[in-house]
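K.L.:
Take this structure, written in structure tokens, and hold onto it; I'll ask about it next.
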Amino acid sequence: MTGDRGSRPGKTATINVTPLVDILLVLLIIFMVITPVLQTGFQTHVPARGPGDQGTSVVLQIFRDGRLAMNRQAVSEKELPGQLSAIYGTRGDKTLFIDAEDGVSYDTVVRVLDTCRAPGRAETIGFVLN
């Protein structure tokens with residue numbers, strides 16, 4: 001036993017990365033499968049329509065060219081605050097539905113929303129999706 005212990009040929013210390021890569025790939029696949037399940041939306045409540053609710057909803061339509069119509073009757077943007085105050089002044093249910101056409105500019109919708117949300121007007125606003 002002569003003492004040449006540190007110089008044995010063929011024995012070197014290396015890190016085996018294959019198990020590490022396998023574990024990382026499995027974790028990646030697990031996260032890719034779970035991520036779409038974790039995405040959540042917002043909760044909505046759609047009330048059931050009763051027999052006495054026929055025609056009581058207020059629907060404000062916004063057209064591409066900037067025209068407005070409330071319950072299918074034309075209304076200008078200047079007349080809108082007065083009509084909304086008249087409708088919602090004595091009404092218990094202050095819900096308004098907005099039906100905007102495709103292609104209506106964002107600033108037009110926001111301007112109309114601001115007008116509708118003023119005090120004494122609509123308290124709950126819903127959007128009609130077509």
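Naming works like this for the structure tokens: A, B, ... for the chains as they're shown, residue 1 at the start of each chain, ligands 1 onward in shown order.
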If you count only C-alpha atoms, which residues fall within 9 Å of segment 78-90 of chain A, apart from same-chain ones fewer than 4 positions away, as a ChimeraX atom specification?
P.N.:
/A:58,68,70,94-95,112,115-116,118-122
K.L.:
Filtering to C-alpha atoms, could you give me those residues as a PDB file, in the first residue's frame?
P.N.:
ATOM      1  CA  VAL A  58     -84.070  51.270 -19.654  1.00  0.00           C
ATOM      2  CA  LEU A  68     -77.994  57.971 -28.893  1.00  0.00           C
ATOM      3  CA  MET A  70     -83.092  55.543 -25.127  1.00  0.00           C
ATOM      4  CA  LYS A  94     -82.007  52.572 -10.915  1.00  0.00           C
ATOM      5  CA  THR A  95     -80.549  50.113 -13.415  1.00  0.00           C
ATOM      6  CA  VAL A 112     -71.969  58.711 -21.784  1.00  0.00           C
ATOM      7  CA  THR A 115     -73.355  61.377 -17.717  1.00  0.00           C
ATOM      8  CA  CYS A 116     -75.375  58.334 -16.639  1.00  0.00           C
ATOM      9  CA  ALA A 118     -74.131  61.403 -12.029  1.00  0.00           C
ATOM     10  CA  PRO A 119     -76.100  61.718  -8.748  1.00  0.00           C
ATOM     11  CA  GLY A 120     -79.838  61.220  -9.143  1.00  0.00           C
ATOM     12  CA  ARG A 121     -79.426  59.060 -12.222  1.00  0.00           C
ATOM     13  CA  ALA A 122     -78.554  55.402 -12.809  1.00  0.00           C
TER      14      ALA A 122
END
K.L.:
Pick out the closest residue to Gln61 of chain A from this set: A:Pro19, A:Gly126, A:Pro36, A:Gly92. Count only C-alpha atoms.
P.N.:
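With only C-alpha atoms as the atom set, the closest residue is A:Gly126.
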K.L.:
Near Ala100 of chain A, counting only C-alpha atoms, which residues have an atom at most 12 Å away, once you skip same-chain residues fewer than 4 positions from it, shown as a PyMOL selection string?
P.N.:
chain A and resi 59-70+104-106+108-110+112-113+126-130
K.L.:
Generate a file of the selected residues that holds C-alpha atoms, formatted as a CSV table (one decimal), in the first residue's frame.
P.N.:
chain,number,residue,atom,x,y,z
A,59,VAL,CA,-81.7,50.6,-22.5
A,60,LEU,CA,-79.4,53.3,-23.9
A,61,GLN,CA,-78.1,52.6,-27.4
A,62,ILE,CA,-74.9,54.2,-28.6
A,63,PHE,CA,-74.4,54.1,-32.4
A,64,ARG,CA,-71.1,54.4,-34.3
A,65,ASP,CA,-71.9,57.8,-35.6
A,66,GLY,CA,-72.4,59.2,-32.1
A,67,ARG,CA,-76.2,59.1,-32.1
A,68,LEU,CA,-78.0,58.0,-28.9
A,69,ALA,CA,-81.3,56.3,-28.4
A,70,MET,CA,-83.1,55.5,-25.1
A,104,VAL,CA,-68.0,53.0,-31.1
A,105,SER,CA,-65.0,55.0,-29.8
A,106,TYR,CA,-64.0,54.4,-26.2
A,108,THR,CA,-67.8,58.3,-26.4
A,109,VAL,CA,-68.8,55.4,-24.2
A,110,VAL,CA,-66.9,56.8,-21.2
A,112,VAL,CA,-72.0,58.7,-21.8
A,113,LEU,CA,-71.1,56.6,-18.7
A,126,GLY,CA,-74.9,46.9,-17.3
A,127,PHE,CA,-73.7,46.3,-20.8
A,128,VAL,CA,-75.7,44.5,-23.4
A,129,LEU,CA,-73.4,42.0,-25.3
A,130,ASN,CA,-74.4,41.1,-28.8
K.L.:
To test your reading of the structure, identify every residue in chain A that backbone DSSP assigns to helix (DSSP H, G or I), and report it as a ChimeraX atom specification.
P.N.:
/A:18-38,51-53,80-88,106-116
K.L.:
For the selection just defined, write its residues with C-alpha atoms to a file, as a CSV table (one decimal), in the first residue's frame.
P.N.:
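Output contents, as saved in again_12.csv:
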chain,number,residue,atom,x,y,z
A,18,THR,CA,-30.3,14.9,-15.9
A,19,PRO,CA,-32.6,14.3,-12.8
A,20,LEU,CA,-32.7,18.1,-12.2
A,21,VAL,CA,-33.8,18.8,-15.8
A,22,ASP,CA,-36.4,16.0,-15.6
A,23,ILE,CA,-37.9,17.5,-12.4
A,24,LEU,CA,-37.9,21.0,-13.8
A,25,LEU,CA,-39.7,19.9,-17.0
A,26,VAL,CA,-42.3,18.0,-14.9
A,27,LEU,CA,-42.9,21.2,-12.8
A,28,LEU,CA,-43.1,23.3,-16.0
A,29,ILE,CA,-45.8,21.0,-17.4
A,30,ILE,CA,-47.7,21.0,-14.1
A,31,PHE,CA,-47.8,24.8,-14.0
A,32,MET,CA,-48.8,25.1,-17.7
A,33,VAL,CA,-51.8,22.8,-17.0
A,34,ILE,CA,-52.8,24.5,-13.8
A,35,THR,CA,-52.5,28.1,-14.9
A,36,PRO,CA,-55.6,28.3,-17.1
A,37,VAL,CA,-57.7,26.8,-14.3
A,38,LEU,CA,-56.5,29.5,-11.8
A,51,PRO,CA,-94.1,38.6,-15.4
A,52,GLY,CA,-94.4,42.3,-14.3
A,53,ASP,CA,-91.0,43.3,-15.7
A,80,LEU,CA,-79.7,62.9,-21.9
A,81,PRO,CA,-79.1,64.2,-18.4
A,82,GLY,CA,-82.6,65.7,-18.1
A,83,GLN,CA,-84.3,62.5,-19.4
A,84,LEU,CA,-82.2,60.3,-17.1
A,85,SER,CA,-83.1,62.5,-14.1
A,86,ALA,CA,-86.8,62.4,-15.0
A,87,ILE,CA,-86.8,58.6,-15.4
A,88,TYR,CA,-84.7,57.7,-12.3
A,106,TYR,CA,-64.0,54.4,-26.2
A,107,ASP,CA,-64.2,58.1,-25.2
A,108,THR,CA,-67.8,58.3,-26.4
A,109,VAL,CA,-68.8,55.4,-24.2
A,110,VAL,CA,-66.9,56.8,-21.2
A,111,ARG,CA,-68.5,60.3,-21.7
A,112,VAL,CA,-72.0,58.7,-21.8
A,113,LEU,CA,-71.1,56.6,-18.7
A,114,ASP,CA,-70.1,59.7,-16.8
A,115,THR,CA,-73.4,61.4,-17.7
A,116,CYS,CA,-75.4,58.3,-16.6
K.L.:
What gap, in Å, lies between atom CA of Ile98 of chain A and atom CA of Ile125 of chain A?
P.N.:
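According to the coordinates, atom CA of Ile98 of chain A and atom CA of Ile125 of chain A are separated by 7.2 Å.
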K.L.:
Among chain A, which ones does DSSP place in strand (DSSP E), written as a VMD selection string?
P.N.:
chain A and resid 58 to 62 68 to 70 73 to 75 95 to 100 124 to 127
K.L.:
Keeping C-alpha atoms for every residue in the selection just given, could you write it to a file as an mmCIF file, in the first residue's frame?
P.N.:
data_model
loop_
_atom_site.group_PDB
_atom_site.id
_atom_site.type_symbol
_atom_site.label_atom_id
_atom_site.label_comp_id
_atom_site.auth_asym_id
_atom_site.auth_seq_id
_atom_site.Cartn_x
_atom_site.Cartn_y
_atom_site.Cartn_z
ATOM 1 C CA VAL A 58 -84.070 51.270 -19.654
ATOM 2 C CA VAL A 59 -81.699 50.591 -22.547
ATOM 3 C CA LEU A 60 -79.433 53.313 -23.898
ATOM 4 C CA GLN A 61 -78.081 52.584 -27.358
ATOM 5 C CA ILE A 62 -74.887 54.223 -28.616
ATOM 6 C CA LEU A 68 -77.994 57.971 -28.893
ATOM 7 C CA ALA A 69 -81.342 56.268 -28.404
ATOM 8 C CA MET A 70 -83.092 55.543 -25.127
ATOM 9 C CA GLN A 73 -86.295 56.757 -29.122
ATOM 10 C CA ALA A 74 -83.643 59.179 -30.366
ATOM 11 C CA VAL A 75 -82.110 61.443 -27.737
ATOM 12 C CA THR A 95 -80.549 50.113 -13.415
ATOM 13 C CA LEU A 96 -79.496 51.188 -16.902
ATOM 14 C CA PHE A 97 -78.361 48.935 -19.735
ATOM 15 C CA ILE A 98 -75.982 50.275 -22.367
ATOM 16 C CA ASP A 99 -75.945 48.742 -25.830
ATOM 17 C CA ALA A 100 -72.978 50.102 -27.780
ATOM 18 C CA THR A 124 -76.261 50.256 -11.632
ATOM 19 C CA ILE A 125 -75.089 50.095 -15.237
ATOM 20 C CA GLY A 126 -74.943 46.914 -17.279
ATOM 21 C CA PHE A 127 -73.699 46.312 -20.795
#
